[in-house]
>>> print(open('protein-v4.cif').read())   # mmCIF, C-alpha atoms and all ligand atoms
data_structure
#
loop_
_atom_site.label_atom_id
_atom_site.label_comp_id
_atom_site.auth_asym_id
_atom_site.auth_seq_id
_atom_site.Cartn_x
_atom_site.Cartn_y
_atom_site.Cartn_z
CA MET P 274 -7.87 -164.63 -71.99
CA LYS P 275 -6.48 -166.25 -68.86
CA GLN P 276 -3.59 -163.78 -68.97
CA VAL P 277 -6.02 -160.84 -69.19
CA PHE P 278 -7.90 -162.17 -66.17
CA SER P 279 -4.66 -162.47 -64.18
CA ILE P 280 -3.73 -158.90 -65.02
CA LEU P 281 -7.19 -157.69 -63.97
CA LEU P 282 -6.90 -159.59 -60.70
CA LEU P 283 -3.48 -158.06 -60.07
CA LEU P 284 -4.82 -154.58 -60.78
CA MET P 285 -7.73 -155.17 -58.40
CA LEU P 286 -5.39 -156.31 -55.65
CA ALA P 287 -3.06 -153.39 -56.27
CA SER P 288 -5.95 -150.95 -55.96
CA MET P 289 -6.79 -152.43 -52.55
CA ILE P 290 -3.28 -151.93 -51.13
CA PRO P 291 -3.76 -148.27 -50.09
CA ASN P 292 -6.98 -149.21 -48.24
CA LEU P 293 -5.24 -152.07 -46.49
CA LEU P 294 -2.41 -149.73 -45.50
CA MET P 295 -4.88 -147.11 -44.22
CA ALA P 296 -6.54 -149.69 -42.02
CA GLN P 297 -3.22 -150.57 -40.43
CA ILE P 298 -1.83 -147.06 -39.85
CA PRO P 299 -0.50 -146.93 -36.30
CA ALA P 300 -1.28 -143.90 -34.14
CA ASP P 301 2.31 -142.67 -34.39
CA TYR P 302 2.48 -142.90 -38.20
CA PRO P 303 4.61 -139.92 -39.19
CA ALA P 304 2.72 -138.78 -42.29
CA SER P 305 -0.67 -137.25 -42.99
CA TYR P 306 -1.99 -137.60 -46.55
CA ALA P 307 -4.73 -135.14 -47.42
CA SER P 308 -7.92 -136.94 -48.43
CA LYS P 309 -9.44 -133.62 -49.46
CA PRO P 310 -8.03 -130.12 -50.10
CA ARG P 311 -6.74 -128.73 -46.80
CA PHE P 312 -7.66 -125.08 -47.44
CA LYS P 313 -8.56 -122.49 -50.07
CA ALA P 314 -6.18 -119.77 -51.27
CA LEU P 315 -6.88 -116.89 -53.61
CA ILE P 316 -4.28 -115.11 -55.72
CA TYR P 317 -4.90 -111.52 -56.75
CA PHE P 318 -2.77 -110.12 -59.56
CA THR P 319 -3.10 -107.49 -62.24
CA THR P 320 -1.68 -107.18 -65.73
CA HIS P 321 -2.20 -103.40 -65.51
CA ALA P 322 1.16 -103.00 -63.82
CA GLU P 323 4.80 -102.38 -64.60
CA GLY P 324 6.01 -105.08 -67.02
CA GLN P 325 8.52 -106.57 -64.62
CA HIS P 326 5.88 -106.77 -61.87
CA VAL P 327 3.66 -108.73 -64.26
CA ASP P 328 6.63 -110.99 -65.11
CA PHE P 329 6.96 -111.80 -61.42
CA ALA P 330 3.21 -112.32 -61.02
CA LYS P 331 3.08 -114.84 -63.87
CA GLN P 332 6.01 -116.82 -62.46
CA ALA P 333 4.56 -116.71 -58.96
CA ILE P 334 1.21 -118.06 -60.18
CA THR P 335 3.04 -121.05 -61.71
CA PHE P 336 5.04 -121.44 -58.49
CA PHE P 337 1.92 -121.59 -56.30
CA GLN P 338 0.08 -123.80 -58.79
CA LYS P 339 2.90 -126.34 -58.49
CA LEU P 340 2.40 -126.37 -54.71
CA LYS P 341 -1.15 -127.60 -55.18
CA PHE P 342 -0.24 -130.61 -57.33
CA GLY P 343 -2.13 -133.56 -55.89
CA ASP P 344 -5.01 -131.28 -54.89
CA GLY P 345 -3.55 -130.49 -51.46
CA PHE P 346 -5.48 -127.24 -51.57
CA ILE P 347 -7.74 -125.18 -53.79
CA LEU P 348 -6.12 -122.26 -55.57
CA ASP P 349 -8.15 -119.63 -57.38
CA THR P 350 -6.77 -116.61 -59.20
CA THR P 351 -8.46 -113.33 -59.97
CA GLN P 352 -7.64 -110.00 -61.53
CA ASP P 353 -10.81 -108.45 -60.14
CA LEU P 354 -11.33 -108.19 -56.39
CA SER P 355 -14.80 -106.67 -56.90
CA LEU P 356 -15.93 -110.25 -57.66
CA TYR P 357 -15.08 -111.18 -54.06
CA PRO P 358 -17.41 -109.54 -51.54
CA TYR P 359 -16.66 -110.34 -47.90
CA GLU P 360 -19.02 -113.32 -47.69
CA LYS P 361 -17.14 -114.95 -50.57
CA LEU P 362 -13.64 -113.84 -49.59
CA LYS P 363 -13.97 -115.18 -46.05
CA GLU P 364 -14.14 -118.73 -47.45
CA TYR P 365 -10.42 -118.39 -48.29
CA GLN P 366 -7.83 -119.03 -45.59
CA LEU P 367 -5.22 -117.03 -47.52
CA LEU P 368 -5.23 -114.12 -49.96
CA ILE P 369 -1.99 -113.69 -51.90
CA MET P 370 -1.34 -110.36 -53.60
CA LEU P 371 1.40 -110.51 -56.21
CA ASP P 372 1.59 -107.12 -57.92
CA GLY P 373 -1.21 -104.89 -56.70
CA SER P 374 -3.58 -104.06 -53.86
CA PRO P 375 -7.23 -103.01 -53.65
CA ASN P 376 -7.85 -99.69 -55.34
CA THR P 377 -11.53 -98.89 -54.95
CA ASP P 378 -13.13 -97.90 -51.65
CA SER P 379 -15.42 -100.93 -51.64
CA GLU P 380 -12.57 -103.40 -52.35
CA ARG P 381 -10.51 -101.77 -49.61
CA LYS P 382 -13.38 -102.04 -47.10
CA VAL P 383 -13.81 -105.74 -47.92
CA PHE P 384 -10.09 -106.35 -47.46
CA GLU P 385 -10.12 -104.53 -44.11
CA GLN P 386 -13.11 -106.60 -42.96
CA TYR P 387 -11.40 -109.80 -44.11
CA MET P 388 -8.16 -109.03 -42.27
CA GLU P 389 -9.86 -107.68 -39.11
CA ASN P 390 -11.82 -110.94 -38.90
CA GLY P 391 -8.92 -113.35 -39.10
CA GLY P 392 -8.16 -113.45 -42.82
CA GLY P 393 -4.69 -114.44 -44.01
CA TRP P 394 -2.52 -112.27 -46.27
CA MET P 395 0.73 -112.74 -48.09
CA GLY P 396 1.78 -109.65 -50.03
CA PHE P 397 4.72 -109.28 -52.38
CA HIS P 398 6.67 -106.20 -53.48
CA VAL P 399 4.41 -103.53 -55.01
CA SER P 400 1.29 -104.96 -53.36
CA GLY P 401 2.53 -103.29 -50.15
CA TYR P 402 3.54 -100.05 -51.84
CA ASN P 403 2.16 -96.83 -50.45
CA ASP P 404 3.02 -93.15 -50.64
CA LYS P 405 1.41 -89.77 -50.03
CA THR P 406 -1.15 -90.43 -52.78
CA THR P 407 -2.37 -93.79 -51.45
CA ASN P 408 -4.94 -92.25 -49.05
CA TRP P 409 -5.52 -95.47 -47.14
CA PRO P 410 -4.51 -94.97 -43.48
CA TRP P 411 -5.72 -98.45 -42.49
CA PHE P 412 -3.35 -100.08 -45.01
CA LEU P 413 -0.44 -97.98 -43.75
CA GLN P 414 -0.92 -99.16 -40.16
CA PHE P 415 -1.56 -102.73 -41.41
CA LEU P 416 1.88 -102.75 -43.01
CA GLY P 417 3.50 -101.38 -39.88
CA GLY P 418 3.54 -97.64 -40.59
CA GLY P 419 6.38 -97.40 -43.11
CA VAL P 420 5.92 -95.31 -46.23
CA PHE P 421 7.90 -96.09 -49.38
CA TYR P 422 11.10 -94.05 -49.09
CA CYS P 423 13.59 -95.11 -51.78
CA ASN P 424 14.74 -98.01 -53.93
CA ASN P 425 17.84 -99.32 -55.62
CA TRP P 426 18.00 -99.42 -59.40
CA PRO P 427 18.37 -101.52 -61.47
CA PRO P 428 17.11 -104.72 -59.84
CA GLN P 429 19.99 -106.70 -58.39
CA PRO P 430 20.76 -109.55 -56.00
CA ALA P 431 21.21 -108.63 -52.35
CA LYS P 432 22.64 -110.18 -49.21
CA LEU P 433 19.79 -110.75 -46.76
CA VAL P 434 20.12 -111.31 -43.01
CA ILE P 435 17.78 -113.46 -40.93
CA ASP P 436 16.61 -111.21 -38.09
CA HIS P 437 14.42 -113.77 -36.39
CA PRO P 438 16.00 -117.23 -36.41
CA GLY P 439 13.66 -119.79 -34.87
CA HIS P 440 10.57 -118.27 -36.48
CA PRO P 441 8.69 -120.75 -38.70
CA VAL P 442 9.27 -118.47 -41.72
CA THR P 443 13.05 -118.67 -41.32
CA GLN P 444 13.14 -122.41 -40.51
CA ASN P 445 16.13 -124.12 -42.17
CA LEU P 446 17.42 -120.89 -43.70
CA PRO P 447 21.09 -119.97 -43.33
CA ALA P 448 21.93 -116.91 -41.18
CA THR P 449 22.39 -114.93 -44.40
CA TYR P 450 21.67 -115.65 -48.04
CA ILE P 451 22.08 -113.94 -51.39
CA ALA P 452 18.59 -113.26 -52.73
CA PRO P 453 18.10 -113.17 -56.52
CA ALA P 454 17.72 -109.87 -58.33
CA SER P 455 14.83 -107.67 -57.31
CA GLU P 456 14.07 -104.02 -56.84
CA TRP P 457 14.18 -103.44 -53.08
CA TYR P 458 12.18 -100.79 -51.21
CA GLN P 459 13.40 -98.95 -48.14
CA TRP P 460 10.66 -97.60 -45.84
CA ASN P 461 10.35 -94.56 -43.61
CA PRO P 462 9.94 -94.93 -40.71
CA SER P 463 11.39 -98.42 -40.62
CA PRO P 464 8.63 -100.90 -39.74
CA ARG P 465 11.06 -102.22 -37.10
CA LYS P 466 10.19 -99.18 -34.95
CA ASN P 467 6.62 -100.45 -34.62
CA LYS P 468 6.24 -102.65 -31.51
CA ASP P 469 3.64 -104.78 -33.31
CA VAL P 470 6.03 -105.59 -36.17
CA ASP P 471 8.29 -108.62 -36.12
CA VAL P 472 11.05 -108.13 -38.71
CA LEU P 473 12.04 -111.58 -39.97
CA ILE P 474 14.55 -110.75 -42.71
CA SER P 475 16.35 -107.56 -43.73
CA LEU P 476 18.77 -106.36 -46.35
CA SER P 477 22.31 -106.44 -44.94
CA PRO P 478 24.22 -103.15 -44.50
CA ASP P 479 27.06 -105.08 -46.20
CA ASN P 480 25.27 -104.24 -49.47
CA TYR P 481 25.93 -100.49 -49.12
CA PRO P 482 26.46 -98.62 -51.41
CA PHE P 483 23.56 -100.50 -53.00
CA GLY P 484 22.62 -99.79 -56.62
CA ILE P 485 24.09 -98.62 -59.91
CA LYS P 486 21.80 -95.91 -61.28
CA ASP P 487 19.93 -95.28 -58.02
CA VAL P 488 22.20 -95.92 -55.05
CA ILE P 489 21.20 -96.36 -51.39
CA TYR P 490 23.97 -95.61 -48.88
CA SER P 491 22.56 -96.39 -45.46
CA GLY P 492 19.59 -97.12 -43.25
CA ASP P 493 17.62 -99.92 -41.65
CA PHE P 494 16.18 -102.08 -44.44
CA PRO P 495 13.59 -104.72 -43.42
CA VAL P 496 12.38 -106.81 -46.37
CA VAL P 497 10.20 -109.51 -44.78
CA TRP P 498 8.03 -108.81 -41.76
CA THR P 499 4.73 -109.47 -40.07
CA ASN P 500 2.39 -107.17 -38.18
CA LYS P 501 1.52 -109.39 -35.23
CA LYS P 502 -1.94 -107.83 -34.95
CA TYR P 503 -2.88 -109.65 -38.14
CA ARG P 504 -2.37 -112.99 -39.86
CA MET P 505 -0.10 -111.44 -42.46
CA ILE P 506 3.34 -111.38 -43.98
CA TYR P 507 4.88 -108.87 -46.33
CA LEU P 508 7.74 -109.89 -48.63
CA ASN P 509 9.46 -107.11 -50.53
CA MET P 510 10.92 -109.30 -53.29
CA GLY P 511 8.79 -109.46 -56.45
CA HIS P 512 10.32 -107.46 -59.29
CA GLY P 513 11.29 -109.27 -62.49
CA ASP P 514 11.72 -112.85 -63.60
CA ASP P 515 14.60 -113.81 -61.30
CA VAL P 516 12.90 -113.75 -57.90
CA LEU P 517 11.89 -117.43 -57.88
CA SER P 518 15.18 -118.75 -59.25
CA ASP P 519 16.79 -119.61 -55.94
CA ALA P 520 16.08 -122.64 -53.72
CA THR P 521 16.73 -120.81 -50.45
CA GLN P 522 14.36 -118.02 -51.36
CA LYS P 523 11.72 -120.49 -52.59
CA LEU P 524 11.97 -122.35 -49.27
CA MET P 525 11.47 -119.07 -47.40
CA ILE P 526 8.39 -118.26 -49.48
CA ILE P 527 6.92 -121.73 -48.87
CA ASN P 528 7.68 -121.34 -45.16
CA ALA P 529 5.86 -118.00 -45.19
CA PHE P 530 2.89 -119.45 -47.08
CA LYS P 531 2.57 -122.36 -44.64
CA TRP P 532 3.06 -120.18 -41.57
CA VAL P 533 0.23 -117.76 -42.40
CA LEU P 534 -2.05 -120.73 -43.07
CA SER P 535 -0.97 -122.57 -39.93
CA THR P 536 -2.08 -119.65 -37.74
CA ASP P 537 -5.70 -119.88 -38.90
CA LYS P 538 -7.88 -119.49 -35.79
CA LYS P 539 -10.11 -122.29 -37.11
CA GLY P 540 -7.15 -124.66 -36.84
CA ASN P 541 -3.88 -125.50 -38.50
CA PRO P 542 -4.85 -127.05 -41.87
CA PHE P 543 -1.62 -129.10 -41.94
CA LYS P 544 -2.65 -130.91 -38.76
CA LYS P 545 -6.01 -132.00 -40.09
ZN ZN T 601 9.31 -103.09 -58.65
#
>>> encode(input="protein-v4.cif", output="structure tokens")
Amino acid sequence: MKQVFSILLLLMLASMIPNLLMAQIPADYPASYASKPRFKALIYFTTHAEGQHVDFAKQAITFFQKLKFGDGFILDTTQDLSLYPYEKLKEYQLLIMLDGSPNTDSERKVFEQYMENGGGWMGFHVSGYNDKTTNWPWFLQFLGGGVFYCNNWPPQPAKLVIDHPGHPVTQNLPATYIAPASEWYQWNPSPRKNKDVDVLISLSPDNYPFGIKDVIYSGDFPVVWTNKKYRMIYLNMGHGDDVLSDATQKLMIINAFKWVLSTDKKGNPFKK
């Protein structure tokens, strides 16, 4: 009995240690532990997509779910954007699109309103796809004006070049890295020609001729960029189950995730 009491006493004391530590935290303490979720993020994905796009989406959901371990933020997922009218969507500091974009007029209007009013967006691969049939001029300008032009096939690794060293998204990345296999899209005109676009990473010309069945021989090839008019980043990787297999690329994606969130006009959630 006495032993049980001692153990209980020890447990009680141990539970008080964090509180004691909190009370003594000096002003220059280097860490900030979240006492409540710092922000809300919403993932949109669809299973009505090319199989390898769904493969990526499933892996990416697991990837982002791991980032919220410890309840650092709230992460919701949906396959139906019609469930998120503007008043509900605006509660999220970040909307991540993994393998699709809004299709109906009403979903598109809500997305426009969200982005025009300070919403945050991180879009992968086919979620930024557009062509002559897309009929969404706003989305085209949002992405920087480039229309899908061509792609390599099959998916393969590629040498990427950091165009904007010193940007938070490229923090701690090497000057070049070999990205895991993906299908890569080239755009026309290149988003780099848009003065509002900041190209952060592009596919190196060293890759040319690039492809086996479908081969790309030349051309400017941005793969990660932001349109500075919005709180957004587009990342072209996102085809197949290899995209999240590389530490450098995962670091870049986490950098991108944190950067979009950190630019929230209501304040940087990591400095709360
Ligand atoms: Zn693809």
>>> residues_near_ligand(input="protein-v4.cif", ligand="ligand ZN 601 (chain T)", cutoff="10 Å", atoms="all atoms listed in the file", output="list in words")
Ala322, Glu323, Gly324, Gln325, His326, Val327, Phe329, Asp372, Phe397, His398, Val399, Ser400, Tyr402, Asn424, Asn425, Trp426, Pro427, Pro428, Ser455, Glu456, Trp457, Tyr458, Asn509, Met510, Gly511, His512 and Gly513 of chain P
>>> closest_residue(input="protein-v4.cif", among="P:Ala448, P:Trp394, P:Val442, P:Gln459", to="P:Tyr490", atoms="only C-alpha atoms")
P:Gln459
>>> closest_residue(input="protein-v4.cif", among="P:Pro482, P:Ser379, P:Gly393, P:Trp409", to="P:Lys538", atoms="only C-alpha atoms")
P:Gly393
>>> residues_around(input="protein-v4.cif", residues="P:Met370", least_positions_apart="5", cutoff="7 Å", atoms="only C-alpha atoms", output="list in words")
Ile316, Tyr317, Phe318, Met395, Gly396, Phe397 and Ser400 of chain P
>>> closest_residue(input="protein-v4.cif", among="P:Trp411, P:Tyr302, P:Trp532, P:Tyr422", to="P:Gly492", atoms="all atoms listed in the file")
P:Tyr422
>>> residues_around(input="protein-v4.cif", residues="P:Gln366", least_positions_apart="6", cutoff="12 Å", atoms="only C-alpha atoms", output="PDB file with C-alpha atoms, in the frame of the given file")
ATOM      1  CA  PRO P 310      -8.030-130.120 -50.100  1.00  0.00           C
ATOM      2  CA  ARG P 311      -6.740-128.730 -46.800  1.00  0.00           C
ATOM      3  CA  PHE P 312      -7.660-125.080 -47.440  1.00  0.00           C
ATOM      4  CA  LYS P 313      -8.560-122.490 -50.070  1.00  0.00           C
ATOM      5  CA  ALA P 314      -6.180-119.770 -51.270  1.00  0.00           C
ATOM      6  CA  LEU P 315      -6.880-116.890 -53.610  1.00  0.00           C
ATOM      7  CA  ILE P 316      -4.280-115.110 -55.720  1.00  0.00           C
ATOM      8  CA  PHE P 346      -5.480-127.240 -51.570  1.00  0.00           C
ATOM      9  CA  ILE P 347      -7.740-125.180 -53.790  1.00  0.00           C
ATOM     10  CA  LEU P 348      -6.120-122.260 -55.570  1.00  0.00           C
ATOM     11  CA  ASP P 349      -8.150-119.630 -57.380  1.00  0.00           C
ATOM     12  CA  TYR P 387     -11.400-109.800 -44.110  1.00  0.00           C
ATOM     13  CA  MET P 388      -8.160-109.030 -42.270  1.00  0.00           C
ATOM     14  CA  ASN P 390     -11.820-110.940 -38.900  1.00  0.00           C
ATOM     15  CA  GLY P 391      -8.920-113.350 -39.100  1.00  0.00           C
ATOM     16  CA  GLY P 392      -8.160-113.450 -42.820  1.00  0.00           C
ATOM     17  CA  GLY P 393      -4.690-114.440 -44.010  1.00  0.00           C
ATOM     18  CA  TRP P 394      -2.520-112.270 -46.270  1.00  0.00           C
ATOM     19  CA  MET P 395       0.730-112.740 -48.090  1.00  0.00           C
ATOM     20  CA  ARG P 504      -2.370-112.990 -39.860  1.00  0.00           C
ATOM     21  CA  MET P 505      -0.100-111.440 -42.460  1.00  0.00           C
ATOM     22  CA  PHE P 530       2.890-119.450 -47.080  1.00  0.00           C
ATOM     23  CA  LYS P 531       2.570-122.360 -44.640  1.00  0.00           C
ATOM     24  CA  TRP P 532       3.060-120.180 -41.570  1.00  0.00           C
ATOM     25  CA  VAL P 533       0.230-117.760 -42.400  1.00  0.00           C
ATOM     26  CA  LEU P 534      -2.050-120.730 -43.070  1.00  0.00           C
ATOM     27  CA  SER P 535      -0.970-122.570 -39.930  1.00  0.00           C
ATOM     28  CA  THR P 536      -2.080-119.650 -37.740  1.00  0.00           C
ATOM     29  CA  ASP P 537      -5.700-119.880 -38.900  1.00  0.00           C
ATOM     30  CA  LYS P 538      -7.880-119.490 -35.790  1.00  0.00           C
ATOM     31  CA  LYS P 539     -10.110-122.290 -37.110  1.00  0.00           C
ATOM     32  CA  GLY P 540      -7.150-124.660 -36.840  1.00  0.00           C
ATOM     33  CA  ASN P 541      -3.880-125.500 -38.500  1.00  0.00           C
ATOM     34  CA  PRO P 542      -4.850-127.050 -41.870  1.00  0.00           C
TER      35      PRO P 542
END
>>> atom_distance(input="protein-v4.cif", atom1="atom CA of P:Ser518", atom2="atom CA of P:Gln444")
19.2 Å
>>> closest_residue(input="protein-v4.cif", among="P:Ile485, P:Cys423, P:Leu416, P:Leu433", to="P:Asn467", atoms="only C-alpha atoms")
P:Leu416
>>> closest_residue(input="protein-v4.cif", among="P:Leu413, P:Leu524, P:Leu340, P:Ile435", to="P:Pro464", atoms="all atoms listed in the file")
P:Leu413
>>> atom_distance(input="protein-v4.cif", atom1="atom CA of P:Phe415", atom2="atom CA of P:Ile369")
15.2 Å
>>> atom_distance(input="protein-v4.cif", atom1="atom CA of P:Ser475", atom2="atom CA of P:Thr449")
9.6 Å
>>> closest_residue(input="protein-v4.cif", among="P:Ala330, P:Leu362, P:Leu354, P:Val472", to="P:Ser374", atoms="only C-alpha atoms")
P:Leu354
>>> residues_around(input="protein-v4.cif", residues="P:Thr377", least_positions_apart="3", cutoff="12 Å", atoms="all atoms listed in the file", output="PyMOL selection string")
chain P and resi 353-355+374+380-384+407-409
>>> residues_near_point(input="protein-v4.cif", point="(16.8, -114.3, -56.3)", cutoff="6 Å", atoms="all atoms listed in the file", output="JSON, numbers by chain")
{"P": [452, 453, 454, 515, 516, 518, 519]}
